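model.cif, holding mmCIF, C-alpha atoms and all ligand atoms:
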```
data_protein
loop_
_atom_site.label_atom_id
_atom_site.label_comp_id
_atom_site.auth_asym_id
_atom_site.auth_seq_id
_atom_site.Cartn_x
_atom_site.Cartn_y
_atom_site.Cartn_z
CA MET A 287 6.86 -31.21 -3.84
CA GLU A 288 10.45 -31.18 -4.95
CA THR A 289 9.49 -29.03 -7.95
CA ALA A 290 7.36 -26.74 -5.85
CA THR A 291 10.14 -26.05 -3.38
CA ARG A 292 12.70 -25.41 -6.08
CA ASN A 293 10.48 -22.98 -7.93
CA ALA A 294 9.46 -21.25 -4.73
CA THR A 295 12.93 -19.84 -4.38
CA ASP A 296 12.58 -18.33 -7.85
CA GLY A 297 9.72 -16.36 -6.42
CA ALA A 298 6.92 -18.18 -8.16
CA MET A 299 5.22 -21.43 -7.60
CA PRO A 300 1.79 -22.87 -7.89
CA SER A 301 0.07 -23.59 -4.65
CA LEU A 302 -0.18 -27.29 -4.02
CA THR A 303 -2.78 -27.38 -1.34
CA ALA A 304 -3.33 -30.89 -0.12
CA PRO A 305 -6.74 -32.25 -1.08
CA THR A 306 -7.38 -32.78 2.60
CA ALA A 307 -6.81 -29.12 3.47
CA GLN A 308 -9.70 -27.76 5.48
CA ALA A 309 -11.31 -24.60 4.19
CA PRO A 310 -11.66 -22.01 6.93
CA GLY A 311 -15.06 -21.01 8.27
CA ALA A 312 -17.25 -18.92 6.03
CA THR A 313 -17.28 -15.89 8.27
CA GLY A 314 -15.04 -13.89 10.54
CA ARG A 315 -11.29 -13.92 10.65
CA VAL A 316 -9.76 -16.22 8.10
CA LEU A 317 -6.10 -15.47 8.52
CA SER A 318 -4.54 -14.59 11.85
CA ILE A 319 -0.93 -13.49 12.05
CA SER A 320 0.35 -13.11 15.58
CA HIS A 321 3.68 -11.62 16.73
CA LEU A 322 5.63 -12.87 13.71
CA THR A 323 9.32 -12.13 13.82
CA LYS A 324 11.99 -13.19 11.33
CA LEU A 325 15.69 -12.84 11.92
CA TYR A 326 17.55 -14.15 8.89
CA PRO A 327 20.70 -16.13 9.70
CA GLY A 328 23.74 -13.90 9.88
CA THR A 329 21.71 -10.70 10.40
CA THR A 330 21.21 -8.68 13.57
CA THR A 331 18.05 -6.72 12.70
CA PRO A 332 14.78 -8.59 12.21
CA ALA A 333 13.41 -8.31 8.66
CA MET A 334 9.95 -8.73 10.21
CA ASP A 335 9.51 -7.54 13.76
CA ASP A 336 6.50 -8.50 15.89
CA VAL A 337 4.01 -8.33 13.02
CA SER A 338 0.38 -9.08 13.93
CA PHE A 339 -2.76 -8.68 11.85
CA ASP A 340 -5.98 -10.46 11.00
CA VAL A 341 -7.67 -10.76 7.62
CA SER A 342 -11.41 -11.31 7.38
CA ASP A 343 -13.25 -13.55 4.99
CA GLY A 344 -13.41 -11.92 1.55
CA GLU A 345 -11.20 -9.04 2.58
CA PHE A 346 -8.47 -7.57 0.36
CA VAL A 347 -5.55 -6.42 2.49
CA SER A 348 -2.38 -4.79 1.18
CA LEU A 349 1.01 -4.74 2.85
CA LEU A 350 2.52 -1.46 1.76
CA GLY A 351 5.94 -0.03 2.46
CA PRO A 352 9.31 0.97 1.05
CA SER A 353 11.86 -1.43 -0.35
CA GLY A 354 13.37 -3.67 2.30
CA CYS A 355 10.68 -3.05 4.93
CA GLY A 356 9.81 -6.74 5.20
CA LYS A 357 6.74 -7.15 2.97
CA THR A 358 8.00 -10.15 1.03
CA THR A 359 9.40 -11.73 4.18
CA THR A 360 5.95 -11.45 5.76
CA LEU A 361 4.20 -12.96 2.74
CA LYS A 362 6.75 -15.75 2.33
CA THR A 363 6.39 -16.62 5.99
CA ILE A 364 2.61 -16.82 5.64
CA ALA A 365 3.06 -18.98 2.54
CA GLY A 366 5.46 -21.30 4.35
CA LEU A 367 8.43 -20.42 2.15
CA GLU A 368 10.24 -18.96 5.17
CA ARG A 369 10.12 -20.16 8.74
CA PRO A 370 9.44 -17.46 11.32
CA THR A 371 11.84 -17.02 14.22
CA SER A 372 8.79 -16.68 16.45
CA GLY A 373 5.07 -16.03 16.25
CA SER A 374 2.12 -17.90 14.83
CA ILE A 375 -0.04 -18.15 11.70
CA ARG A 376 -3.57 -19.50 11.76
CA VAL A 377 -6.21 -20.03 9.11
CA GLY A 378 -9.52 -20.26 10.92
CA ASP A 379 -8.88 -22.75 13.74
CA TRP A 380 -6.04 -24.39 11.87
CA ALA A 381 -2.60 -23.57 13.32
CA LEU A 382 -0.33 -23.50 10.28
CA SER A 383 2.71 -22.32 12.14
CA THR A 384 3.34 -22.01 15.84
CA ASP A 385 6.35 -22.61 18.09
CA ASP A 386 5.74 -26.37 17.88
CA GLN A 387 3.73 -26.77 14.65
CA TRP A 388 4.80 -26.39 11.07
CA THR A 389 2.69 -26.97 7.98
CA PRO A 390 4.79 -27.28 4.82
CA VAL A 391 4.14 -24.97 1.91
CA HIS A 392 2.32 -27.54 -0.22
CA ARG A 393 -0.25 -28.16 2.49
CA ARG A 394 -1.16 -24.53 3.04
CA PRO A 395 -4.47 -23.32 1.57
CA PHE A 396 -3.11 -20.53 -0.57
CA GLY A 397 -2.96 -19.51 -4.19
CA MET A 398 0.16 -17.50 -4.92
CA VAL A 399 1.26 -15.00 -7.50
CA PHE A 400 4.71 -13.53 -7.32
CA GLN A 401 6.48 -10.74 -9.13
CA SER A 402 8.50 -13.04 -11.35
CA TYR A 403 5.63 -15.17 -12.52
CA ALA A 404 7.93 -17.90 -13.84
CA LEU A 405 5.57 -20.00 -15.86
CA TRP A 406 7.18 -23.22 -16.95
CA PRO A 407 8.42 -22.68 -20.52
CA HIS A 408 8.27 -26.36 -21.48
CA MET A 409 4.53 -26.55 -20.72
CA THR A 410 1.66 -24.94 -22.59
CA VAL A 411 -0.45 -22.28 -20.96
CA ALA A 412 -3.13 -24.88 -20.17
CA GLN A 413 -0.59 -27.27 -18.66
CA ASN A 414 0.82 -24.49 -16.49
CA VAL A 415 -2.60 -23.52 -15.24
CA GLY A 416 -3.62 -27.14 -14.73
CA TYR A 417 -0.57 -28.05 -12.69
CA PRO A 418 -2.08 -27.40 -9.23
CA LEU A 419 -5.01 -29.64 -10.20
CA LYS A 420 -2.78 -32.38 -11.60
CA ALA A 421 -0.83 -32.33 -8.35
CA ARG A 422 -4.13 -32.96 -6.58
CA ARG A 423 -4.86 -35.89 -8.90
CA VAL A 424 -7.94 -34.28 -10.42
CA SER A 425 -9.12 -36.23 -13.50
CA LYS A 426 -7.94 -35.12 -16.94
CA GLY A 427 -11.39 -34.13 -18.21
CA GLU A 428 -12.12 -32.06 -15.15
CA ILE A 429 -8.70 -30.43 -15.33
CA ARG A 430 -9.39 -29.24 -18.89
CA ASP A 431 -12.77 -27.80 -17.86
CA ARG A 432 -11.45 -26.01 -14.84
CA VAL A 433 -8.38 -24.72 -16.67
CA MET A 434 -10.57 -23.25 -19.43
CA ARG A 435 -12.81 -21.62 -16.82
CA ALA A 436 -9.81 -20.12 -15.02
CA LEU A 437 -8.36 -18.87 -18.31
CA ALA A 438 -11.71 -17.36 -19.28
CA ARG A 439 -11.73 -15.43 -16.03
CA VAL A 440 -8.54 -13.67 -17.10
CA GLN A 441 -9.54 -13.44 -20.78
CA MET A 442 -6.85 -15.89 -21.87
CA GLU A 443 -8.90 -18.84 -23.10
CA ASP A 444 -7.70 -18.33 -26.68
CA PHE A 445 -4.11 -18.92 -25.60
CA ALA A 446 -4.56 -22.29 -23.88
CA ASP A 447 -2.31 -24.26 -26.22
CA ARG A 448 0.37 -21.67 -26.69
CA SER A 449 3.79 -21.72 -25.05
CA PRO A 450 4.12 -19.05 -22.36
CA THR A 451 7.36 -17.94 -24.01
CA ARG A 452 5.20 -16.55 -26.82
CA LEU A 453 3.13 -14.29 -24.57
CA SER A 454 3.55 -10.66 -23.53
CA GLY A 455 4.35 -9.82 -19.91
CA GLY A 456 0.74 -8.88 -19.20
CA GLN A 457 -0.54 -12.09 -20.74
CA GLN A 458 1.94 -14.15 -18.74
CA GLN A 459 0.78 -12.43 -15.60
CA ARG A 460 -2.83 -13.28 -16.40
CA VAL A 461 -1.85 -16.90 -16.83
CA ALA A 462 -0.03 -16.81 -13.48
CA ILE A 463 -3.22 -15.48 -11.88
CA ALA A 464 -5.27 -18.21 -13.57
CA ARG A 465 -2.84 -20.78 -12.15
CA ALA A 466 -3.21 -19.29 -8.67
CA ILE A 467 -7.02 -19.41 -8.72
CA VAL A 468 -7.62 -22.66 -10.65
CA HIS A 469 -7.99 -24.78 -7.51
CA GLU A 470 -10.20 -22.11 -5.92
CA PRO A 471 -8.06 -21.39 -2.89
CA ARG A 472 -9.78 -19.41 -0.18
CA ILE A 473 -6.78 -17.14 0.24
CA LEU A 474 -4.64 -15.51 -2.44
CA LEU A 475 -1.15 -14.26 -1.64
CA LEU A 476 0.22 -11.80 -4.19
CA ASP A 477 3.68 -10.23 -4.13
CA GLU A 478 3.98 -7.22 -6.44
CA PRO A 479 2.33 -9.18 -9.26
CA LEU A 480 1.95 -6.12 -11.50
CA SER A 481 5.36 -4.53 -11.11
CA ASN A 482 6.73 -5.82 -14.43
CA LEU A 483 3.90 -4.27 -16.41
CA ASP A 484 3.67 -0.83 -18.00
CA ALA A 485 1.42 1.84 -16.47
CA GLY A 486 -1.61 1.28 -18.72
CA LEU A 487 -1.57 -2.47 -18.28
CA ARG A 488 -1.11 -2.16 -14.53
CA ARG A 489 -4.23 -0.02 -14.33
CA GLN A 490 -6.22 -2.55 -16.33
CA MET A 491 -4.87 -5.53 -14.37
CA ARG A 492 -5.63 -3.72 -11.12
CA LEU A 493 -9.29 -3.50 -12.07
CA ASP A 494 -9.33 -7.09 -13.34
CA LEU A 495 -7.73 -8.41 -10.20
CA ARG A 496 -10.18 -6.60 -7.95
CA ARG A 497 -13.16 -7.81 -10.02
CA LEU A 498 -11.88 -11.37 -9.92
CA GLN A 499 -11.29 -11.29 -6.18
CA GLN A 500 -14.82 -10.00 -5.61
CA GLU A 501 -16.42 -12.45 -8.04
CA LEU A 502 -14.67 -15.39 -6.43
CA GLN A 503 -15.08 -13.92 -2.93
CA MET A 504 -11.49 -14.66 -2.20
CA THR A 505 -9.51 -13.34 0.70
CA ALA A 506 -6.33 -11.66 -0.50
CA VAL A 507 -3.06 -10.44 0.98
CA TYR A 508 -1.31 -8.23 -1.54
CA VAL A 509 2.22 -6.87 -1.28
CA THR A 510 3.15 -3.63 -3.00
CA HIS A 511 5.31 -0.55 -2.58
CA ASP A 512 2.90 1.44 -4.76
CA GLN A 513 0.40 3.38 -2.68
CA VAL A 514 -1.89 4.04 -5.64
CA GLU A 515 -2.15 0.32 -6.28
CA ALA A 516 -2.75 -0.39 -2.60
CA CYS A 517 -5.49 2.26 -2.44
CA ALA A 518 -7.18 1.08 -5.63
CA LEU A 519 -7.29 -2.57 -4.64
CA SER A 520 -7.64 -2.79 -0.91
CA ASP A 521 -10.31 -2.82 1.71
CA ARG A 522 -7.52 -2.21 4.19
CA VAL A 523 -3.88 -1.21 3.95
CA ILE A 524 -1.17 -2.15 6.42
CA VAL A 525 1.85 0.15 6.18
CA MET A 526 5.21 -1.32 7.17
CA ASN A 527 8.52 0.33 7.89
CA ALA A 528 11.74 -1.37 9.00
CA GLY A 529 10.01 -4.68 9.66
CA ARG A 530 7.16 -3.24 11.72
CA ILE A 531 3.56 -2.27 11.12
CA VAL A 532 3.30 1.51 11.45
CA ALA A 533 -0.26 2.14 10.26
CA GLU A 534 -3.40 0.23 9.43
CA GLY A 535 -6.80 1.28 8.14
CA SER A 536 -8.92 1.89 5.09
CA PRO A 537 -6.94 3.49 2.25
CA GLN A 538 -8.84 6.75 2.70
CA ASP A 539 -8.31 6.78 6.44
CA VAL A 540 -4.58 6.16 6.22
CA TYR A 541 -4.23 8.74 3.46
CA GLU A 542 -6.31 11.46 5.06
CA ARG A 543 -5.65 10.81 8.72
CA PRO A 544 -2.10 9.50 9.03
CA ARG A 545 -0.57 9.65 12.48
CA SER A 546 3.03 10.02 11.47
CA GLU A 547 5.09 11.91 8.95
CA PHE A 548 6.44 8.67 7.52
CA VAL A 549 2.97 7.31 6.78
CA ALA A 550 1.76 10.66 5.46
CA SER A 551 4.63 11.00 3.01
CA PHE A 552 4.58 7.36 1.99
CA MET A 553 0.90 7.55 1.10
CA GLY A 554 1.33 10.53 -1.24
CA ALA A 555 2.64 14.01 -1.88
CA ALA A 556 2.76 16.05 1.30
CA ASN A 557 3.78 19.43 2.73
CA PHE A 558 4.87 19.53 6.35
CA LEU A 559 4.92 22.77 8.32
CA ASP A 560 6.18 23.46 11.82
CA GLY A 561 3.94 25.25 14.23
CA ARG A 562 2.64 25.85 17.71
CA VAL A 563 -0.89 25.14 18.87
CA GLU A 564 -2.57 28.34 20.02
CA ARG A 565 -6.08 27.20 20.90
CA VAL A 566 -7.93 23.89 20.90
CA THR A 567 -11.66 23.54 20.39
CA ASP A 568 -13.59 20.35 19.63
CA GLY A 569 -10.61 18.41 18.34
CA SER A 570 -9.45 21.17 16.05
CA GLY A 571 -6.52 23.40 16.89
CA GLU A 572 -5.56 26.80 15.67
CA VAL A 573 -1.91 26.53 14.75
CA GLU A 574 0.54 29.34 14.34
CA LEU A 575 2.92 28.25 11.60
CA HIS A 576 6.61 29.03 11.44
CA GLY A 577 9.10 29.29 8.64
CA ALA A 578 12.83 29.77 8.91
CA HIS A 579 12.34 33.50 9.43
CA GLY A 580 9.38 33.60 11.79
CA THR A 581 5.62 33.26 11.76
CA ILE A 582 4.14 32.66 8.31
CA GLY A 583 0.45 32.47 9.16
CA ARG A 584 -2.19 30.33 10.81
CA LEU A 585 -4.25 27.31 9.85
CA ARG A 586 -6.92 25.43 11.70
CA ALA A 587 -5.93 21.79 11.96
CA THR A 588 -7.61 18.55 12.97
CA ALA A 589 -5.75 16.37 15.42
CA PRO A 590 -5.95 12.61 15.78
CA GLY A 591 -7.61 12.04 19.14
CA ASP A 592 -7.70 14.82 21.67
CA ASP A 593 -4.08 14.72 22.72
CA VAL A 594 -3.28 18.27 21.72
CA ALA A 595 -2.85 21.11 24.14
CA PRO A 596 -2.22 24.82 23.71
CA ASP A 597 1.45 25.68 23.35
CA ASP A 598 2.35 22.25 21.97
CA THR A 599 4.84 22.43 19.15
CA CYS A 600 3.72 20.28 16.24
CA ARG A 601 4.06 19.40 12.59
CA VAL A 602 1.17 20.01 10.29
CA LEU A 603 0.42 18.01 7.14
CA VAL A 604 -1.17 19.62 4.11
CA ARG A 605 -1.70 17.57 0.94
CA PRO A 606 -0.97 19.56 -2.24
CA GLU A 607 -4.41 18.79 -3.70
CA HIS A 608 -6.22 20.11 -0.64
CA VAL A 609 -4.87 23.63 -0.98
CA ALA A 610 -7.08 26.36 -2.39
CA LEU A 611 -5.32 29.32 -3.95
CA GLN A 612 -6.88 32.74 -4.10
CA VAL A 613 -5.42 35.43 -6.32
CA ASP A 614 -5.91 39.24 -6.08
CA VAL A 615 -4.14 39.45 -2.76
CA GLU A 616 -3.24 42.89 -1.39
CA PRO A 617 0.53 43.41 -1.65
CA ASP A 618 0.91 44.15 2.07
CA ALA A 619 -0.82 40.86 3.01
CA ALA A 620 2.47 39.03 2.62
CA THR A 621 4.11 41.02 5.37
CA ASN A 622 1.39 40.73 7.98
CA GLY A 623 1.17 36.94 8.03
CA SER A 624 1.32 36.90 11.79
CA ARG A 625 -2.11 38.56 11.97
CA ASP A 626 -3.71 36.29 9.39
CA VAL A 627 -6.12 33.70 10.75
CA ASP A 628 -6.84 30.74 8.50
CA GLY A 629 -4.47 31.29 5.71
CA LEU A 630 -0.99 31.86 4.45
CA VAL A 631 0.14 34.35 1.86
CA GLY A 632 2.97 33.70 -0.56
CA ALA A 633 4.44 34.43 -3.96
CA VAL A 634 4.10 31.95 -6.80
CA GLU A 635 7.53 30.66 -7.66
CA SER A 636 6.76 28.16 -10.41
CA VAL A 637 3.81 26.83 -12.36
CA THR A 638 4.26 23.44 -14.06
CA PHE A 639 1.82 21.53 -16.25
CA LEU A 640 1.93 17.83 -15.33
CA GLY A 641 -0.76 16.61 -17.72
CA GLU A 642 -3.41 15.51 -15.25
CA GLN A 643 -2.88 18.57 -13.08
CA TRP A 644 -0.87 21.71 -12.45
CA GLU A 645 1.87 21.85 -9.86
CA ILE A 646 2.39 25.25 -8.33
CA THR A 647 5.20 26.11 -5.93
CA VAL A 648 4.49 28.96 -3.56
CA ASP A 649 7.10 30.72 -1.48
CA VAL A 650 5.61 31.44 1.92
CA GLY A 651 7.96 33.48 4.08
CA GLY A 652 10.97 31.75 2.56
CA GLU A 653 9.44 28.24 2.69
CA LYS A 654 8.22 26.32 -0.34
CA LEU A 655 4.75 24.85 -0.48
CA THR A 656 3.63 22.52 -3.26
CA VAL A 657 0.08 22.90 -4.54
CA HIS A 658 -1.74 20.68 -7.03
CA ALA A 659 -4.61 22.21 -8.96
CA GLN A 660 -6.88 20.91 -11.68
CA GLN A 661 -6.76 24.25 -13.41
CA ARG A 662 -4.19 26.94 -13.55
CA GLY A 663 -6.70 29.78 -13.23
CA LEU A 664 -5.08 33.20 -12.97
CA VAL A 665 -2.03 31.98 -11.13
CA ASP A 666 1.16 33.42 -12.61
CA VAL A 667 4.77 33.24 -11.56
CA GLY A 668 5.44 36.19 -9.26
CA SER A 669 1.81 36.78 -8.30
CA LEU A 670 0.73 36.85 -4.67
CA VAL A 671 -1.70 34.15 -3.57
CA ARG A 672 -3.57 33.34 -0.40
CA ILE A 673 -3.47 29.72 0.66
CA THR A 674 -6.39 28.22 2.51
CA VAL A 675 -7.12 24.63 3.48
CA LEU A 676 -10.27 23.25 5.06
CA PRO A 677 -9.49 22.28 8.67
CA GLN A 678 -10.40 18.63 8.08
CA PHE A 679 -7.58 18.48 5.51
CA VAL A 680 -4.96 19.96 7.80
CA ARG A 681 -3.61 17.19 9.98
CA LEU A 682 -1.77 17.81 13.16
CA LEU A 683 1.04 15.32 13.62
CA ARG A 684 2.15 15.08 17.19
CA GLU A 685 4.41 12.08 17.25
CA ASN A 686 6.79 13.60 14.73
CA ARG A 687 7.57 16.60 16.81
CA PRO A 688 11.28 17.13 16.47
CA PRO A 689 12.99 16.18 19.73
CA ALA A 690 14.07 18.94 22.11
CA GLN A 691 14.15 22.23 20.27
CA PRO A 692 15.10 24.63 23.06
CA SER A 693 15.52 27.62 20.78
CA GLY A 694 11.90 27.51 19.65
CA PRO A 695 10.02 26.43 16.60
CA GLN A 696 11.79 28.79 14.22
CA SER A 697 14.89 26.64 14.37
CA GLN A 698 12.99 23.60 13.17
CA GLY A 699 13.40 24.39 9.53
CA GLY A 700 9.87 25.42 8.65
CA VAL A 701 8.21 23.79 5.69
CA SER A 702 9.47 20.66 4.08
CA THR A 703 7.84 19.24 1.06
CA LYS A 704 7.93 15.73 -0.20
CA VAL A 705 6.27 15.15 -3.50
CA ALA A 706 6.21 11.44 -3.99
N1 LIG B 1 17.28 -14.54 2.63
C1 LIG B 1 17.63 -13.42 3.28
N2 LIG B 1 18.71 -13.39 4.08
C2 LIG B 1 19.07 -12.28 4.74
N3 LIG B 1 18.39 -11.12 4.69
C3 LIG B 1 17.30 -11.08 3.90
C4 LIG B 1 16.86 -12.21 3.16
N4 LIG B 1 15.74 -11.88 2.48
C5 LIG B 1 15.50 -10.59 2.77
N5 LIG B 1 16.42 -10.11 3.63
C6 LIG B 1 16.47 -8.75 4.21
O1 LIG B 1 15.29 -8.55 4.95
C7 LIG B 1 14.80 -7.25 4.77
C8 LIG B 1 13.37 -7.31 4.24
O2 LIG B 1 13.39 -7.87 2.94
P1 LIG B 1 12.06 -8.10 2.11
O3 LIG B 1 12.43 -8.82 0.88
O4 LIG B 1 11.06 -8.71 3.00
O5 LIG B 1 11.65 -6.59 1.80
P2 LIG B 1 10.49 -6.01 0.88
O6 LIG B 1 9.69 -5.08 1.74
O7 LIG B 1 9.78 -7.10 0.21
O8 LIG B 1 11.32 -5.13 -0.16
P3 LIG B 1 11.06 -4.88 -1.76
O9 LIG B 1 9.98 -3.83 -1.85
O10 LIG B 1 12.37 -4.35 -2.21
O11 LIG B 1 10.69 -6.18 -2.39
C9 LIG B 1 15.76 -6.54 3.84
O12 LIG B 1 16.65 -5.81 4.64
C10 LIG B 1 16.47 -7.68 3.16
O13 LIG B 1 17.77 -7.31 2.81
MG MG B 2 9.57 -7.66 -1.81
#
```
Show this structure as structure tokens.
Amino acid sequence: METATRNATDGAMPSLTAPTAQAPGATGRVLSISHLTKLYPGTTTPAMDDVSFDVSDGEFVSLLGPSGCGKTTTLKTIAGLERPTSGSIRVGDWALSTDDQWTPVHRRPFGMVFQSYALWPHMTVAQNVGYPLKARRVSKGEIRDRVMRALARVQMEDFADRSPTRLSGGQQQRVAIARAIVHEPRILLLDEPLSNLDAGLRRQMRLDLRRLQQELQMTAVYVTHDQVEACALSDRVIVMNAGRIVAEGSPQDVYERPRSEFVASFMGAANFLDGRVERVTDGSGEVELHGAHGTIGRLRATAPGDDVAPDDTCRVLVRPEHVALQVDVEPDAATNGSRDVDGLVGAVESVTFLGEQWEITVDVGGEKLTVHAQQRGLVDVGSLVRITVLPQFVRLLRENRPPAQPSGPQSQGGVSTKVA
């Protein structure tokens, strides 16, 4: 236990679940986090602020958010490496942490993988992986069997007797994963386990990790600041900002139907345009869009819920990859944007080849719009293009309306683009 606690502060430790630990029920909610708050000593702002979520049996959930938003604090609190200021943690019916209950880290039913995998250099790979079993007093013969099975799951069985100091970063990470799963915990906690790896290896490990989690039917809580990783791995993503949960849903839902500008831009490249709702029919609104110099056109947009009314000022989200560009636009189309329904007209300002796609910047009435296209087509710098977007890909964001803008939407600054 001494060793476990010391290594925990290094960010990596094997889980030492007590042999008596009760596995949670086979169905339903496995992990229940309720109103968790953490105020570190000497600080005035909670690092984790009223965080609540449930994780179901076999579910892969990611905590996603920018640096410092409280992801690691949340995971460490679940693991028992940090004590919450208030709130509770339950696994099935088992109260791990409440106002008057506290289960120490080594008794919690988790396997853990942290960013700095910190394998013990004085032990072989097999000894590292076997440690959680040894701590549970599993017999030597059984330890060897189970270690070899865990190593085989991460394709590392040929390295059992090697020192971890003679492994690459990716291999070390595989060993750390083998160590986390060797005692078959029902719940895996992973904190940015792939962040030390290069892009190719990350992609491969992402697939391996997902396959492993599904094969072993483990429940997983995964911390990352990488939205691609979160989307690729998760059944559900929970987006955090400044200690709080700001969005939750399937990766596709949060990406395509974000309810705030923060979530939209954190999930991927985004254009935001200011506008005014003209008409609303069946949850879709016709929005007159404004740039710094006046109306730049109209798009039909889909709103979350039905809380949009004519004359509302709003922000509209358009993802670069959802834009269709049409060339052969009449030269006078650019000047009569105010009469255009369903479309914007602009001049191509730049065309950049990014390898997997083209990035095209279009100047629409003085505002810049970023467009991603698989093919360049006939788009040239200087040419006029018409921009259309299917209404289901134009999201109306109400809660990010700029506060009081008495001089009208034109003063709101028009289009802003964030390409993450
Ligand atoms: N031991 C500590 N004492 C005081 N403040 C802390 C401590 N650990 C973290 N914090 C603060 O709490 C906030 C959340 O930190 P946390 O490590 O949970 O963020 P994170 O989302 O994991 O960030 P990153 O993506 O950079 O790892 C930060 O403002 C951080 O400075
Ligand atoms: Mg962190």
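Pairwise distance (CA of Arg565 (chain A), CA of Leu682 (chain A)) equals 12.9 Å.
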**Message:** Would you compute the distance between CA of Leu683 (chain A) and CA of Asp521 (chain A)? Give it in Å to one decimal.
**Reply:** 24.5 Å
**Message:** Please return as an NGL selection string the residues found within 10 Å of ligand LIG 1 (chain B), counting all atoms listed in the file.
**Reply:** :A and (295 or 324-334 or 349-363 or 368 or 401 or 477-478 or 509-512 or 526-529)
**Request:** Could you tell me how far CA of Val347 (chain A) lies from CA of Ile524 (chain A), in Å and to one decimal?
**Result:** 7.3 Å
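Residues surrounding Glu645 (chain A) within 10 Å are A:Pro606, A:Glu607, A:Ser636, A:Val637, A:Thr638, A:Phe639, A:Leu640, A:Gly641, A:Glu642, A:Val648, A:Thr656, A:Val657, A:His658, A:Ala659, A:Gln660, A:Gln661, A:Arg662 [all atoms listed in the file; sequence separation below 3 positions excluded].
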Expected file contents, prior selection, C-alpha atoms, as a PDB file, keeping the file's coordinate frame:
```pdb
ATOM      1  CA  PRO A 606      -0.970  19.560  -2.240  1.00  0.00           C
ATOM      2  CA  GLU A 607      -4.410  18.790  -3.700  1.00  0.00           C
ATOM      3  CA  SER A 636       6.760  28.160 -10.410  1.00  0.00           C
ATOM      4  CA  VAL A 637       3.810  26.830 -12.360  1.00  0.00           C
ATOM      5  CA  THR A 638       4.260  23.440 -14.060  1.00  0.00           C
ATOM      6  CA  PHE A 639       1.820  21.530 -16.250  1.00  0.00           C
ATOM      7  CA  LEU A 640       1.930  17.830 -15.330  1.00  0.00           C
ATOM      8  CA  GLY A 641      -0.760  16.610 -17.720  1.00  0.00           C
ATOM      9  CA  GLU A 642      -3.410  15.510 -15.250  1.00  0.00           C
ATOM     10  CA  VAL A 648       4.490  28.960  -3.560  1.00  0.00           C
ATOM     11  CA  THR A 656       3.630  22.520  -3.260  1.00  0.00           C
ATOM     12  CA  VAL A 657       0.080  22.900  -4.540  1.00  0.00           C
ATOM     13  CA  HIS A 658      -1.740  20.680  -7.030  1.00  0.00           C
ATOM     14  CA  ALA A 659      -4.610  22.210  -8.960  1.00  0.00           C
ATOM     15  CA  GLN A 660      -6.880  20.910 -11.680  1.00  0.00           C
ATOM     16  CA  GLN A 661      -6.760  24.250 -13.410  1.00  0.00           C
ATOM     17  CA  ARG A 662      -4.190  26.940 -13.550  1.00  0.00           C
TER      18      ARG A 662
END
```
**Asked** Which residues come within 7 Å of region 633-635 of chain A, counting only C-alpha atoms, excluding same-chain residues fewer than 5 positions away, as a PyMOL selection string?
**Response** chain A and resi 647-650+666-671
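Ranking A:Asp340, A:Ile463, A:Asn414, A:Leu480 by their shortest atom-to-atom distance to Val399 (chain A), with all atoms listed in the file included, puts A:Ile463 first.
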**Message:** When you count only C-alpha atoms, which of these residues is closest to Leu317 (chain A): A:Thr567, A:Ser536, A:Asn482, A:Thr505?
**Reply:**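 Comparing A:Thr567, A:Ser536, A:Asn482, A:Thr505 against Leu317 (chain A), the winner is A:Thr505.
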**Message:** Just checking: using all atoms listed in the file, which residue out of A:Leu476, A:Leu655, A:Val411, A:Leu322 ends up closest to ligand MG 2 (chain B)?
**Reply:**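 Nearest candidate to ligand MG 2 (chain B) out of A:Leu476, A:Leu655, A:Val411, A:Leu322: A:Leu476.
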**Item:** Residues near region 447-450 of chain A, cut-off 7 Å, only C-alpha atoms, skip fewer than 5 positions along chain, as a ChimeraX atom specification
**Value:** /A:405,407,409-412,458
**Request:** Considering only C-alpha atoms, state which residue in the set A:Arg369, A:His321, A:His576, A:Arg684 is at the smallest distance from Asp598 (chain A).
**Result:**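 Closest to Asp598 (chain A), using only C-alpha atoms: A:Arg684.
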**Message:** Just checking: using all atoms listed in the file, which residue out of A:Leu611, A:Tyr508, A:Asn557, A:Gly577 ends up closest to ligand MG 2 (chain B)?
**Reply:**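 Closest candidate: A:Tyr508.
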**Request:** For region 677-681 of chain A, list every protein, DNA or RNA residue within 6 Å, evaluated using all atoms listed in the file, and leave out those in the same chain fewer than 2 positions away; present the list as a list in words.
**Result:** Arg586, Ala587, Thr588, Ala589, Val602, Leu603 and Val604 of chain A
**Near-Leu495 (chain A) list (12 Å; only C-alpha atoms; drop same-chain fewer than 2 positions) as a ChimeraX atom specification** = /A:346,399,439-441,459-460,462-464,466-467,474,476,479-480,487-493,497-504,506,508,515,518-520
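The closest residue to ligand MG 2 (chain B), picked from A:Phe400, A:Arg394, A:Val525, A:Gly373 and counting only C-alpha atoms and all ligand atoms, is A:Phe400.
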